[in-house]
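Novice: The structure that follows is given in the form of structure tokens.
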Amino acid sequence: MNLWDADKLQARQDIVLAGETIPALFWNGVAARSARVLMREKKLGLWRAWTWAQAGQAVREIGDGLLSLGFEAGDCASILANTVVEWVLADIAVLSCGGVSNGIYPTDAPAQVEYLMVDSRSRVVFVEDDEQLDKVLSVRERLPLLERIVVFDTEGLRDFSDPLVMSLAALRELGRSHASTHPGELDARVAGCRPGDLAILIYTSGTTGKPKGAMHSHAGIVYTVRGYNKIIHQDENDERMCFLPLCHVAERVGGEYFAVYTGSILNFVENPETVPENVREIAPTVCTAVPRIWEKFYSGVVIAIRESGRVQQAAYAWSIGVGGRVADRVLAGQPVGAALKWQFALARRLALDNVRKLIGIHRARFLVTGAAPISPDLVRWYLALGVPMVEVWGMTESCGASTYTPATRIKPGMIGPACPYNEVKLDPATGELLIRGRNVFMGYLNQPQKTAETIDADGWLHTGDVGMQDGDGYFRITDRMKDIIITAGGKNITPSELENELKFSPYITDAVVVGDRRAYLTAIVMIDLENVEKFAQDHDIPFSNYASLARAPEVQALVAGEVDRVNAKFARVEQIKKFWLLETQLSAEDEELTPTMKLKRKLVEAKYADRIDAMYAA
Amino acid sequence: MSILKLLNVESAYGPIRAIRGVSLAVEKGRIGTVLGANGAGKSTILKTISGIIDPRKGSVEFAGSDITAMDPADIVRRGLSHVPEGREVFPLLSVRDNLLMGAYTRTDRDAAARDMEMVYGYFPILRERAHQEAGLLSGGQQQMLSISRALMAAPQMILLDEPSLGLSPRLTREIFEIVVRINRERGTTLLVVEQNANMALNVADYGYVLENGRIVMEDTCERLREKDDIKEFYLGMKEAGARGERRWKRKKTWR
């Protein structure tokens, strides 16, 4: 398929699987698709498939096990694990018991784990391994409601015993014996689960204050995944990659529940570091990821091409140029002429198909990006490869996507019109985007005050994003309301536009632009270690560790060049005058980063206040 | 003042890059160390310095002159000796002949004879075994011989590769004690590559940590010993987890 016939990506209007709750969907899926594959995971180097029937069996045993522990409808269980098959099994088992399922980021520190467990009133927690187990055990005294810790992987725990702790295998064993004495109990729980019941909690990352638990009902989620299929259709023949944290709305709803509904196959990556290798192995047909991943793939290609010979470089340059011209015409709504089509076919053979293979998107019908703003240039690059890239915008509280750019009419830089299943409008007074629909959440757990501040009397969800709308109904986000910078000169600046442009550089992973009530703009920049290291080696720049790399004058000059390139696109008052490179390599465990590896603006501004001040000192 | 300076050195075995842009320096009269796991590229660094491997990129500077890719014998003549991993003594030659081989590049025969006495002073056992075939020595004795052979070239600096390899903890300690004595008494600069991080950090002044062919951390050994990553990954010290033991390793942060 080519970009100019993206209209072949037909949407499905009908309901593909009956069921008004998540467990109902899942069990109907088990009945209808029993021998088909639901999930795949890589174990000891081999891909192992889980059919719907096998997954159903495991979910049933875990569910029965929970029942034997006295887990009641409405009780909460938390899951503290990376994105693994057991996460999905435990999640659906909890929901099948009529329980509430809550995900905790595996990178969270014990204190955060404690806060989420207390706030969600978790009676049971599923943990991935001994590392996660230690976190819970270290705060167990402060978790009076906790009755059981279930460990997925018990390696290293052979000699450990504690009345609170059991393995997933032991829980399944309990479940099997419970089922023989209480047949039909789990089915009754599934049947008793009502669409309006609270199903899952998704805690927002909480860059300011404590995390808030967004409550989603079964009905809201089922409504949303049915809606997804109307805009980005997928089915049982589609291969997806499951790799973002399942505690996040994108992978939970857009990955797990959407796949349960449509029957698409979830392929689990080995671990977050192996995503680039795994994506090539899986070659997903539908690929949803966050901008950070798309940036990473892009910079990988750019670097590989710099390494290649002159002929290859020329072939790539010509081909991506042809792809760009095709994309331009398609974006402008103009027909693509026969000559250009012929050139594009050649470009694909010459270079573009190989680039797609290098990334692993050669089978992808379309790509989906969301969860953070993306640089329009990056979207154009994927379009130039000939793969439609759909941008979605939404938030945890709206159960994921609320607007999307249809593959037939993509406008890079814009987030598209409202998804057909919800309303989106601009607040006439503030320009804030508002969402209304059945996908909007039930409120924040234990925080009616915060809920009232977020959903107004007419049911509009206040998103905190400020934007504008064009004549076609497409929205454009200018910024988070609270992030807008007003310089000392009174100029309103939207830092994310600058930051996205900076992130487009293969040498910059993330940046925070500062300048509120200041004379000019500055930026704190996190360099891309891999690519900058390579740059340093190629140019004989001595460095020993991360800090010395960041301080190297040549690296400073490299980043200065990237900043200048970005500055050239903006008016003088909107330009970044100075920057400072972070000197420590950050990982998801660090407080400066969200679990999805974005810099936390407020925290970074506070933590590096002296560095920022230094950039404003004479 | 640095007697040895590596600038962005890259060395490879065929298509496999063993060290990827290493820059380090050793101060004159001091002991430097490079820590790292198996296969991190430690030995490759030493081999590149002593000219056994020619680097693909970067430069090696010794005592103010560029010795990059120079002939190993010339490098020895300039005062830089290499004690290879696994001793590599000449097994069929006597201990004494082995030592004389160390003085191969020298022309000052009298001084060489005095140095022979000097190494016998440091390692009296070698005098007792002077006429025995080196291959019949124990591992520890061979290590002593190997270090002594390097000393016989009257070097300003010695590269010491894994001196503790295969030795008992007691013997390791003894050898390191003598290495420190050589450094203090003769002012010989040393660069020690070790897997026994505890020992290396105790005797050296300044250390580098090498992972996958890149330096990830450098500091004085005193400060390195206090770093969490070093404690956990190189010194085997772990604070106990909630269960009293901990099998999983935290992520390295190198800070």
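By convention here, the chains of the structure tokens are called A, B, ... in the order presented, each chain's residues are numbered starting at 1, and ligands are numbered starting at 1 in the order presented.
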Can you pull out every residue within 8 Å of range 100-104 of chain B, counting only C-alpha atoms, but drop anything in the same chain fewer than 4 positions away, and send it as a list of chain:residue names?
Specialist: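 Contacts, with the query itself left out: B:Arg96, B:Ala112, B:Arg149, B:Ala150, B:Leu151, B:Met152, B:Ala153, B:Ala154.
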Novice: Distance cut-off 8 Å, counting only C-alpha atoms - which residues of chain A neighbour chain B? Return them as a PDB file with all heavy atoms, in the first residue's frame.
Specialist:
ATOM      1  N   ASP A 130      12.049 -10.909  42.351  1.00  0.00           N
ATOM      2  CA  ASP A 130      12.576 -10.608  43.691  1.00  0.00           C
ATOM      3  C   ASP A 130      12.869  -9.125  43.878  1.00  0.00           C
ATOM      4  O   ASP A 130      12.702  -8.587  44.960  1.00  0.00           O
ATOM      5  CB  ASP A 130      13.811 -11.467  43.987  1.00  0.00           C
ATOM      6  CG  ASP A 130      14.892 -11.346  42.925  1.00  0.00           C
ATOM      7  OD1 ASP A 130      14.598 -10.773  41.854  1.00  0.00           O
ATOM      8  OD2 ASP A 130      16.010 -11.823  43.158  1.00  0.00           O
ATOM      9  N   GLU A 131      13.268  -8.453  42.797  1.00  0.00           N
ATOM     10  CA  GLU A 131      13.578  -7.027  42.919  1.00  0.00           C
ATOM     11  C   GLU A 131      12.328  -6.232  43.314  1.00  0.00           C
ATOM     12  O   GLU A 131      12.356  -5.413  44.232  1.00  0.00           O
ATOM     13  CB  GLU A 131      14.140  -6.511  41.593  1.00  0.00           C
ATOM     14  CG  GLU A 131      14.423  -5.031  41.636  1.00  0.00           C
ATOM     15  CD  GLU A 131      15.107  -4.496  40.380  1.00  0.00           C
ATOM     16  OE1 GLU A 131      15.352  -5.287  39.449  1.00  0.00           O
ATOM     17  OE2 GLU A 131      15.390  -3.291  40.346  1.00  0.00           O
ATOM     18  N   ASP A 134      11.142  -7.062  46.884  1.00  0.00           N
ATOM     19  CA  ASP A 134      11.863  -6.354  47.943  1.00  0.00           C
ATOM     20  C   ASP A 134      11.276  -4.973  48.211  1.00  0.00           C
ATOM     21  O   ASP A 134      11.257  -4.509  49.345  1.00  0.00           O
ATOM     22  CB  ASP A 134      13.352  -6.231  47.585  1.00  0.00           C
ATOM     23  CG  ASP A 134      14.117  -7.511  47.911  1.00  0.00           C
ATOM     24  OD1 ASP A 134      13.481  -8.458  48.411  1.00  0.00           O
ATOM     25  OD2 ASP A 134      15.341  -7.560  47.658  1.00  0.00           O
ATOM     26  N   LYS A 135      10.815  -4.324  47.143  1.00  0.00           N
ATOM     27  CA  LYS A 135      10.213  -2.993  47.327  1.00  0.00           C
ATOM     28  C   LYS A 135       8.989  -3.083  48.222  1.00  0.00           C
ATOM     29  O   LYS A 135       8.816  -2.293  49.145  1.00  0.00           O
ATOM     30  CB  LYS A 135       9.781  -2.418  45.973  1.00  0.00           C
ATOM     31  CG  LYS A 135      10.896  -1.930  45.114  1.00  0.00           C
ATOM     32  CD  LYS A 135      10.311  -1.261  43.878  1.00  0.00           C
ATOM     33  CE  LYS A 135      11.386  -1.054  42.841  1.00  0.00           C
ATOM     34  NZ  LYS A 135      10.811  -0.634  41.557  1.00  0.00           N
ATOM     35  N   LEU A 137       8.161  -5.561  50.280  1.00  0.00           N
ATOM     36  CA  LEU A 137       8.503  -6.038  51.628  1.00  0.00           C
ATOM     37  C   LEU A 137       9.097  -4.917  52.478  1.00  0.00           C
ATOM     38  O   LEU A 137       8.883  -4.872  53.685  1.00  0.00           O
ATOM     39  CB  LEU A 137       9.488  -7.210  51.539  1.00  0.00           C
ATOM     40  CG  LEU A 137       8.916  -8.522  51.011  1.00  0.00           C
ATOM     41  CD1 LEU A 137      10.009  -9.577  50.905  1.00  0.00           C
ATOM     42  CD2 LEU A 137       7.768  -9.034  51.886  1.00  0.00           C
ATOM     43  N   SER A 138       9.814  -4.011  51.833  1.00  0.00           N
ATOM     44  CA  SER A 138      10.451  -2.953  52.619  1.00  0.00           C
ATOM     45  C   SER A 138       9.439  -1.961  53.174  1.00  0.00           C
ATOM     46  O   SER A 138       9.775  -1.176  54.055  1.00  0.00           O
ATOM     47  CB  SER A 138      11.511  -2.233  51.793  1.00  0.00           C
ATOM     48  OG  SER A 138      10.904  -1.485  50.769  1.00  0.00           O
ATOM     49  N   GLY A 156      15.582 -17.259  42.435  1.00  0.00           N
ATOM     50  CA  GLY A 156      16.324 -16.656  43.537  1.00  0.00           C
ATOM     51  C   GLY A 156      15.563 -16.643  44.846  1.00  0.00           C
ATOM     52  O   GLY A 156      16.044 -16.152  45.847  1.00  0.00           O
ATOM     53  N   GLN A 537      33.844  10.014  19.118  1.00  0.00           N
ATOM     54  CA  GLN A 537      34.848   9.076  18.629  1.00  0.00           C
ATOM     55  C   GLN A 537      35.245   9.391  17.204  1.00  0.00           C
ATOM     56  O   GLN A 537      36.414   9.377  16.856  1.00  0.00           O
ATOM     57  CB  GLN A 537      34.251   7.678  18.642  1.00  0.00           C
ATOM     58  CG  GLN A 537      34.798   6.818  19.727  1.00  0.00           C
ATOM     59  CD  GLN A 537      34.004   5.549  19.770  1.00  0.00           C
ATOM     60  OE1 GLN A 537      33.013   5.477  20.464  1.00  0.00           O
ATOM     61  NE2 GLN A 537      34.422   4.570  19.018  1.00  0.00           N
ATOM     62  N   ASP A 540      37.555  12.325  17.102  1.00  0.00           N
ATOM     63  CA  ASP A 540      38.721  12.304  17.993  1.00  0.00           C
ATOM     64  C   ASP A 540      38.613  13.281  19.150  1.00  0.00           C
ATOM     65  O   ASP A 540      39.547  14.017  19.458  1.00  0.00           O
ATOM     66  CB  ASP A 540      39.999  12.622  17.193  1.00  0.00           C
ATOM     67  CG  ASP A 540      40.461  11.385  16.461  1.00  0.00           C
ATOM     68  OD1 ASP A 540      40.167  10.282  16.947  1.00  0.00           O
ATOM     69  OD2 ASP A 540      41.096  11.527  15.402  1.00  0.00           O
ATOM     70  N   ILE A 541      37.448  13.297  19.760  1.00  0.00           N
ATOM     71  CA  ILE A 541      37.273  14.177  20.909  1.00  0.00           C
ATOM     72  C   ILE A 541      37.467  13.335  22.161  1.00  0.00           C
ATOM     73  O   ILE A 541      36.724  12.378  22.382  1.00  0.00           O
ATOM     74  CB  ILE A 541      35.853  14.792  20.908  1.00  0.00           C
ATOM     75  CG1 ILE A 541      35.653  15.607  19.640  1.00  0.00           C
ATOM     76  CG2 ILE A 541      35.639  15.638  22.151  1.00  0.00           C
ATOM     77  CD1 ILE A 541      34.220  15.705  19.231  1.00  0.00           C
ATOM     78  N   PRO A 542      38.477  13.661  22.959  1.00  0.00           N
ATOM     79  CA  PRO A 542      38.693  12.826  24.139  1.00  0.00           C
ATOM     80  C   PRO A 542      37.604  13.029  25.193  1.00  0.00           C
ATOM     81  O   PRO A 542      37.161  14.144  25.427  1.00  0.00           O
ATOM     82  CB  PRO A 542      40.049  13.309  24.662  1.00  0.00           C
ATOM     83  CG  PRO A 542      40.223  14.670  24.099  1.00  0.00           C
ATOM     84  CD  PRO A 542      39.439  14.753  22.840  1.00  0.00           C
ATOM     85  N   PHE A 543      37.177  11.929  25.772  1.00  0.00           N
ATOM     86  CA  PHE A 543      36.243  12.012  26.897  1.00  0.00           C
ATOM     87  C   PHE A 543      36.403  10.719  27.673  1.00  0.00           C
ATOM     88  O   PHE A 543      36.854   9.717  27.126  1.00  0.00           O
ATOM     89  CB  PHE A 543      34.802  12.170  26.434  1.00  0.00           C
ATOM     90  CG  PHE A 543      34.235  10.957  25.739  1.00  0.00           C
ATOM     91  CD1 PHE A 543      33.468  10.038  26.448  1.00  0.00           C
ATOM     92  CD2 PHE A 543      34.479  10.726  24.396  1.00  0.00           C
ATOM     93  CE1 PHE A 543      32.957   8.909  25.802  1.00  0.00           C
ATOM     94  CE2 PHE A 543      33.976   9.597  23.766  1.00  0.00           C
ATOM     95  CZ  PHE A 543      33.210   8.690  24.463  1.00  0.00           C
ATOM     96  N   SER A 544      36.093  10.756  28.940  1.00  0.00           N
ATOM     97  CA  SER A 544      36.140   9.515  29.691  1.00  0.00           C
ATOM     98  C   SER A 544      34.749   9.119  30.148  1.00  0.00           C
ATOM     99  O   SER A 544      34.286   8.038  29.853  1.00  0.00           O
ATOM    100  CB  SER A 544      37.109   9.629  30.859  1.00  0.00           C
ATOM    101  OG  SER A 544      36.809  10.756  31.630  1.00  0.00           O
ATOM    102  N   ASN A 545      34.060  10.006  30.830  1.00  0.00           N
ATOM    103  CA  ASN A 545      32.726   9.641  31.299  1.00  0.00           C
ATOM    104  C   ASN A 545      31.693  10.612  30.744  1.00  0.00           C
ATOM    105  O   ASN A 545      32.002  11.493  29.951  1.00  0.00           O
ATOM    106  CB  ASN A 545      32.699   9.595  32.822  1.00  0.00           C
ATOM    107  CG  ASN A 545      33.246  10.876  33.422  1.00  0.00           C
ATOM    108  OD1 ASN A 545      33.328  11.890  32.728  1.00  0.00           O
ATOM    109  ND2 ASN A 545      33.624  10.823  34.673  1.00  0.00           N
ATOM    110  N   TYR A 546      30.456  10.427  31.188  1.00  0.00           N
ATOM    111  CA  TYR A 546      29.349  11.226  30.664  1.00  0.00           C
ATOM    112  C   TYR A 546      29.589  12.723  30.852  1.00  0.00           C
ATOM    113  O   TYR A 546      29.414  13.518  29.928  1.00  0.00           O
ATOM    114  CB  TYR A 546      28.060  10.803  31.368  1.00  0.00           C
ATOM    115  CG  TYR A 546      26.798  11.318  30.730  1.00  0.00           C
ATOM    116  CD1 TYR A 546      26.172  10.607  29.723  1.00  0.00           C
ATOM    117  CD2 TYR A 546      26.227  12.508  31.146  1.00  0.00           C
ATOM    118  CE1 TYR A 546      25.010  11.066  29.138  1.00  0.00           C
ATOM    119  CE2 TYR A 546      25.065  12.987  30.570  1.00  0.00           C
ATOM    120  CZ  TYR A 546      24.459  12.260  29.566  1.00  0.00           C
ATOM    121  OH  TYR A 546      23.314  12.727  28.995  1.00  0.00           O
ATOM    122  N   THR A 584      24.728  14.325  34.112  1.00  0.00           N
ATOM    123  CA  THR A 584      24.589  12.945  34.587  1.00  0.00           C
ATOM    124  C   THR A 584      23.658  12.213  33.640  1.00  0.00           C
ATOM    125  O   THR A 584      22.696  12.789  33.127  1.00  0.00           O
ATOM    126  CB  THR A 584      23.982  12.868  35.997  1.00  0.00           C
ATOM    127  OG1 THR A 584      22.994  13.872  36.103  1.00  0.00           O
ATOM    128  CG2 THR A 584      25.022  13.041  37.060  1.00  0.00           C
ATOM    129  N   GLN A 585      23.977  10.962  33.426  1.00  0.00           N
ATOM    130  CA  GLN A 585      23.130  10.153  32.567  1.00  0.00           C
ATOM    131  C   GLN A 585      21.924   9.709  33.385  1.00  0.00           C
ATOM    132  O   GLN A 585      22.073   9.067  34.420  1.00  0.00           O
ATOM    133  CB  GLN A 585      23.911   8.945  32.072  1.00  0.00           C
ATOM    134  CG  GLN A 585      23.176   8.214  30.986  1.00  0.00           C
ATOM    135  CD  GLN A 585      23.858   6.921  30.631  1.00  0.00           C
ATOM    136  OE1 GLN A 585      24.938   6.612  31.120  1.00  0.00           O
ATOM    137  NE2 GLN A 585      23.227   6.141  29.789  1.00  0.00           N
ATOM    138  N   LEU A 586      20.736  10.074  32.948  1.00  0.00           N
ATOM    139  CA  LEU A 586      19.542   9.781  33.737  1.00  0.00           C
ATOM    140  C   LEU A 586      18.897   8.488  33.274  1.00  0.00           C
ATOM    141  O   LEU A 586      18.938   8.136  32.102  1.00  0.00           O
ATOM    142  CB  LEU A 586      18.541  10.927  33.586  1.00  0.00           C
ATOM    143  CG  LEU A 586      19.036  12.299  34.064  1.00  0.00           C
ATOM    144  CD1 LEU A 586      18.012  13.361  33.748  1.00  0.00           C
ATOM    145  CD2 LEU A 586      19.326  12.268  35.554  1.00  0.00           C
ATOM    146  N   SER A 587      18.309   7.768  34.226  1.00  0.00           N
ATOM    147  CA  SER A 587      17.533   6.584  33.860  1.00  0.00           C
ATOM    148  C   SER A 587      16.144   6.747  34.456  1.00  0.00           C
ATOM    149  O   SER A 587      15.883   7.678  35.221  1.00  0.00           O
ATOM    150  CB  SER A 587      18.205   5.325  34.396  1.00  0.00           C
ATOM    151  OG  SER A 587      18.148   5.323  35.797  1.00  0.00           O
TER     152      SER A 587
END
Novice: Between CA of Lys578 in chain A and CA of Leu521 in chain A, what is the spacing in Å?
Specialist: 7.3 Å
Novice: Pick from B:Ile158, B:Ile67, B:Leu93, B:Ala113: nearest to Leu137 in chain B, with only C-alpha atoms counted?
Specialist: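 So, comparing all the options, the nearest one is B:Leu93.
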Novice: Which residue gives the smallest distance to Tyr608 in chain A among A:Met414, A:Val253, A:Ile232, A:Val525, with only C-alpha atoms counted?
Specialist: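 Among the listed residues, the smallest separation from Tyr608 in chain A belongs to A:Val525.
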Novice: May I have all residues of range 330-540 of chain A that DSSP, computed from the backbone, assigns to strand (DSSP E), given as a ChimeraX atom specification?
Specialist: /A:366-369,389-395,400-404,423-426,432-436,443-444,461-469,475-480,485-486,492-493,508-514,521-527
Novice: Between A:Asn267, A:Ser398, A:Ser68, A:Ser96, which is the closest to Met442 in chain A once you count only C-alpha atoms?
Specialist: A:Ser398
Novice: Mind checking which residues fall within 10 Å of Leu201 in chain B, counting only C-alpha atoms, ignoring those fewer than 5 positions away in the same chain, and posting them as a PDB file with N, CA and C atoms, in the first residue's frame?
Specialist:
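Produced file selection_0.pdb, reproduced below:
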ATOM      1  N   ILE B  31      50.533   5.091  40.812  1.00  0.00           N
ATOM      2  CA  ILE B  31      49.961   3.822  40.358  1.00  0.00           C
ATOM      3  C   ILE B  31      48.549   4.101  39.848  1.00  0.00           C
ATOM      4  N   GLY B  32      48.335   3.764  38.608  1.00  0.00           N
ATOM      5  CA  GLY B  32      47.000   3.905  38.035  1.00  0.00           C
ATOM      6  C   GLY B  32      46.409   2.525  37.861  1.00  0.00           C
ATOM      7  N   THR B  33      45.081   2.457  37.817  1.00  0.00           N
ATOM      8  CA  THR B  33      44.470   1.156  37.612  1.00  0.00           C
ATOM      9  C   THR B  33      43.274   1.265  36.677  1.00  0.00           C
ATOM     10  N   VAL B  34      43.045   0.193  35.951  1.00  0.00           N
ATOM     11  CA  VAL B  34      41.857   0.096  35.113  1.00  0.00           C
ATOM     12  C   VAL B  34      41.074  -1.119  35.589  1.00  0.00           C
ATOM     13  N   LEU B  35      39.853  -0.876  36.041  1.00  0.00           N
ATOM     14  CA  LEU B  35      39.008  -1.975  36.498  1.00  0.00           C
ATOM     15  C   LEU B  35      38.013  -2.320  35.406  1.00  0.00           C
ATOM     16  N   GLU B 194      43.187  -4.977  36.656  1.00  0.00           N
ATOM     17  CA  GLU B 194      42.840  -6.020  37.613  1.00  0.00           C
ATOM     18  C   GLU B 194      41.359  -6.338  37.611  1.00  0.00           C
ATOM     19  N   ASN B 196      40.568  -8.126  40.403  1.00  0.00           N
ATOM     20  CA  ASN B 196      40.492  -8.043  41.857  1.00  0.00           C
ATOM     21  C   ASN B 196      40.453  -6.559  42.240  1.00  0.00           C
ATOM     22  N   TYR B 206      44.846   6.326  41.347  1.00  0.00           N
ATOM     23  CA  TYR B 206      43.794   6.831  40.481  1.00  0.00           C
ATOM     24  C   TYR B 206      43.248   5.671  39.647  1.00  0.00           C
ATOM     25  N   GLY B 207      41.945   5.634  39.449  1.00  0.00           N
ATOM     26  CA  GLY B 207      41.367   4.489  38.750  1.00  0.00           C
ATOM     27  C   GLY B 207      40.358   4.865  37.676  1.00  0.00           C
ATOM     28  N   THR B 220      39.788   9.348  41.944  1.00  0.00           N
ATOM     29  CA  THR B 220      40.826   8.818  42.811  1.00  0.00           C
ATOM     30  C   THR B 220      40.296   7.524  43.411  1.00  0.00           C
ATOM     31  N   CYS B 221      41.194   6.603  43.712  1.00  0.00           N
ATOM     32  CA  CYS B 221      40.731   5.304  44.204  1.00  0.00           C
ATOM     33  C   CYS B 221      39.986   5.450  45.529  1.00  0.00           C
ATOM     34  N   GLU B 222      40.436   6.433  46.296  1.00  0.00           N
ATOM     35  CA  GLU B 222      39.774   6.691  47.568  1.00  0.00           C
ATOM     36  C   GLU B 222      38.288   6.982  47.339  1.00  0.00           C
ATOM     37  N   ARG B 223      38.027   7.844  46.365  1.00  0.00           N
ATOM     38  CA  ARG B 223      36.628   8.189  46.093  1.00  0.00           C
ATOM     39  C   ARG B 223      35.905   7.052  45.383  1.00  0.00           C
ATOM     40  N   LEU B 224      36.610   6.349  44.493  1.00  0.00           N
ATOM     41  CA  LEU B 224      35.957   5.240  43.783  1.00  0.00           C
ATOM     42  C   LEU B 224      35.429   4.200  44.766  1.00  0.00           C
ATOM     43  N   ARG B 225      36.222   3.967  45.834  1.00  0.00           N
ATOM     44  CA  ARG B 225      35.808   2.943  46.802  1.00  0.00           C
ATOM     45  C   ARG B 225      34.481   3.278  47.464  1.00  0.00           C
ATOM     46  N   LEU B 235      33.190  -4.549  44.252  1.00  0.00           N
ATOM     47  CA  LEU B 235      33.678  -4.990  45.546  1.00  0.00           C
ATOM     48  C   LEU B 235      32.745  -6.023  46.175  1.00  0.00           C
TER      49      LEU B 235
END
Novice: For CA of Glu562 in chain A and CA of Arg306 in chain A, quote the distance in Å rounded to one decimal.
Specialist: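 CA of Glu562 in chain A sits 16.8 Å away from CA of Arg306 in chain A.
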Novice: Env of Pro373 in chain A: 8 Å cut, atoms = only C-alpha atoms, seq-sep filter 2 positions within chain, self excluded. Answer as a ChimeraX atom specification.
Specialist: /A:291,370-371,375,496,500
Novice: For the residues selected in the previous step, produce a file with N, CA, C and O atoms as a PDB file, in the first residue's frame.
Specialist:
ATOM      1  N   PRO A 291       6.623   9.366  20.832  1.00  0.00           N
ATOM      2  CA  PRO A 291       7.603  10.085  20.004  1.00  0.00           C
ATOM      3  C   PRO A 291       9.044   9.705  20.308  1.00  0.00           C
ATOM      4  O   PRO A 291       9.869   9.620  19.399  1.00  0.00           O
ATOM      5  N   GLY A 370       1.600   8.995  19.794  1.00  0.00           N
ATOM      6  CA  GLY A 370       0.777   9.697  20.778  1.00  0.00           C
ATOM      7  C   GLY A 370       1.478   9.762  22.102  1.00  0.00           C
ATOM      8  O   GLY A 370       2.639   9.389  22.220  1.00  0.00           O
ATOM      9  N   ALA A 371       0.774  10.255  23.104  1.00  0.00           N
ATOM     10  CA  ALA A 371       1.234  10.345  24.495  1.00  0.00           C
ATOM     11  C   ALA A 371       2.184  11.496  24.753  1.00  0.00           C
ATOM     12  O   ALA A 371       2.488  11.806  25.891  1.00  0.00           O
ATOM     13  N   SER A 375       7.577  16.117  16.744  1.00  0.00           N
ATOM     14  CA  SER A 375       8.010  17.125  15.782  1.00  0.00           C
ATOM     15  C   SER A 375       7.359  16.858  14.420  1.00  0.00           C
ATOM     16  O   SER A 375       7.379  15.733  13.929  1.00  0.00           O
ATOM     17  N   SER A 496       7.085  23.792  24.330  1.00  0.00           N
ATOM     18  CA  SER A 496       7.107  22.460  23.720  1.00  0.00           C
ATOM     19  C   SER A 496       7.422  22.516  22.227  1.00  0.00           C
ATOM     20  O   SER A 496       8.007  21.597  21.679  1.00  0.00           O
ATOM     21  N   ASN A 500      10.344  20.249  20.954  1.00  0.00           N
ATOM     22  CA  ASN A 500      10.151  19.197  19.949  1.00  0.00           C
ATOM     23  C   ASN A 500      11.130  19.338  18.801  1.00  0.00           C
ATOM     24  O   ASN A 500      11.613  18.353  18.261  1.00  0.00           O
TER      25      ASN A 500
END
Novice: Identify, on the basis of only C-alpha atoms, every residue whose closest approach to Leu92 in chain B does not exceed 8 Å; exclude the query and any residue fewer than 3 positions from it along the same chain; express the result as a PyMOL selection string.
Specialist: chain B and resi 133-135
Novice: If you keep C-alpha atoms, can you produce a file of those selected residues as an mmCIF file, in the first residue's frame?
Specialist:
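Contents of again-v7.cif, as written:
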data_model
loop_
_atom_site.group_PDB
_atom_site.id
_atom_site.type_symbol
_atom_site.label_atom_id
_atom_site.label_comp_id
_atom_site.auth_asym_id
_atom_site.auth_seq_id
_atom_site.Cartn_x
_atom_site.Cartn_y
_atom_site.Cartn_z
ATOM 1 C CA GLU B 133 63.585 -24.083 34.340
ATOM 2 C CA ALA B 134 60.996 -21.317 34.660
ATOM 3 C CA GLY B 135 58.254 -23.720 33.570
#
Novice: Set the distance at 12 Å and use only C-alpha atoms: which residues neighbour Tyr316 in chain A once local chain neighbours fewer than 5 positions away are removed? I'd like the list as a ChimeraX atom specification.
Specialist: /A:301-302,304-306,308-311,321-324,346-355,384-385
Novice: So, counting only C-alpha atoms, which residue among B:Tyr120, B:Gly187, B:Pro15, B:Val192 is closest to Ser164 in chain B?
Specialist: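 Using only C-alpha atoms, Ser164 in chain B sits closest to B:Val192.
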Novice: Can you tell me how far CA of Met237 in chain B sits from CA of Glu211 in chain B, in Å to one decimal?
Specialist: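 Going from CA of Met237 in chain B over to CA of Glu211 in chain B, I get 19.0 Å.
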Novice: May I ask which of the residues A:Val330, A:Ala199, A:Ala219, A:Met241 is the closest one to Ala93 in chain A, counting only C-alpha atoms?
Specialist: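 Nearest candidate to Ala93 in chain A out of A:Val330, A:Ala199, A:Ala219, A:Met241: A:Ala199.
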Novice: Would you list the contacts of Pro23 in chain A as a list in words, taking every protein, DNA or RNA residue within 7 Å and counting only C-alpha atoms, but skipping same-chain residues closer than 2 positions in sequence?
Specialist: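 Here the answer would be Thr21, Leu25, Phe26, Trp27, Ile92, Leu95, Ser96 and Val190 of chain A.
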Novice: Next, dump the selected residues to file, keeping only C-alpha atoms, as a short mmCIF file (atom, residue, chain, number, x, y, z; two decimals), in the first residue's frame.
Specialist:
data_model
loop_
_atom_site.label_atom_id
_atom_site.label_comp_id
_atom_site.auth_asym_id
_atom_site.auth_seq_id
_atom_site.Cartn_x
_atom_site.Cartn_y
_atom_site.Cartn_z
CA THR A 21 -17.33 -5.36 30.34
CA LEU A 25 -15.06 -9.29 26.10
CA PHE A 26 -12.19 -11.53 27.11
CA TRP A 27 -14.30 -14.64 27.75
CA ILE A 92 -7.81 -9.88 33.40
CA LEU A 95 -11.21 -7.94 36.50
CA SER A 96 -12.89 -11.35 36.04
CA VAL A 190 -17.83 -12.36 35.43
#
Novice: Using only C-alpha atoms, which residue out of A:Val514, A:Leu331, A:Met39, A:Val124 lies closest to Cys242 in chain A?
Specialist: A:Met39
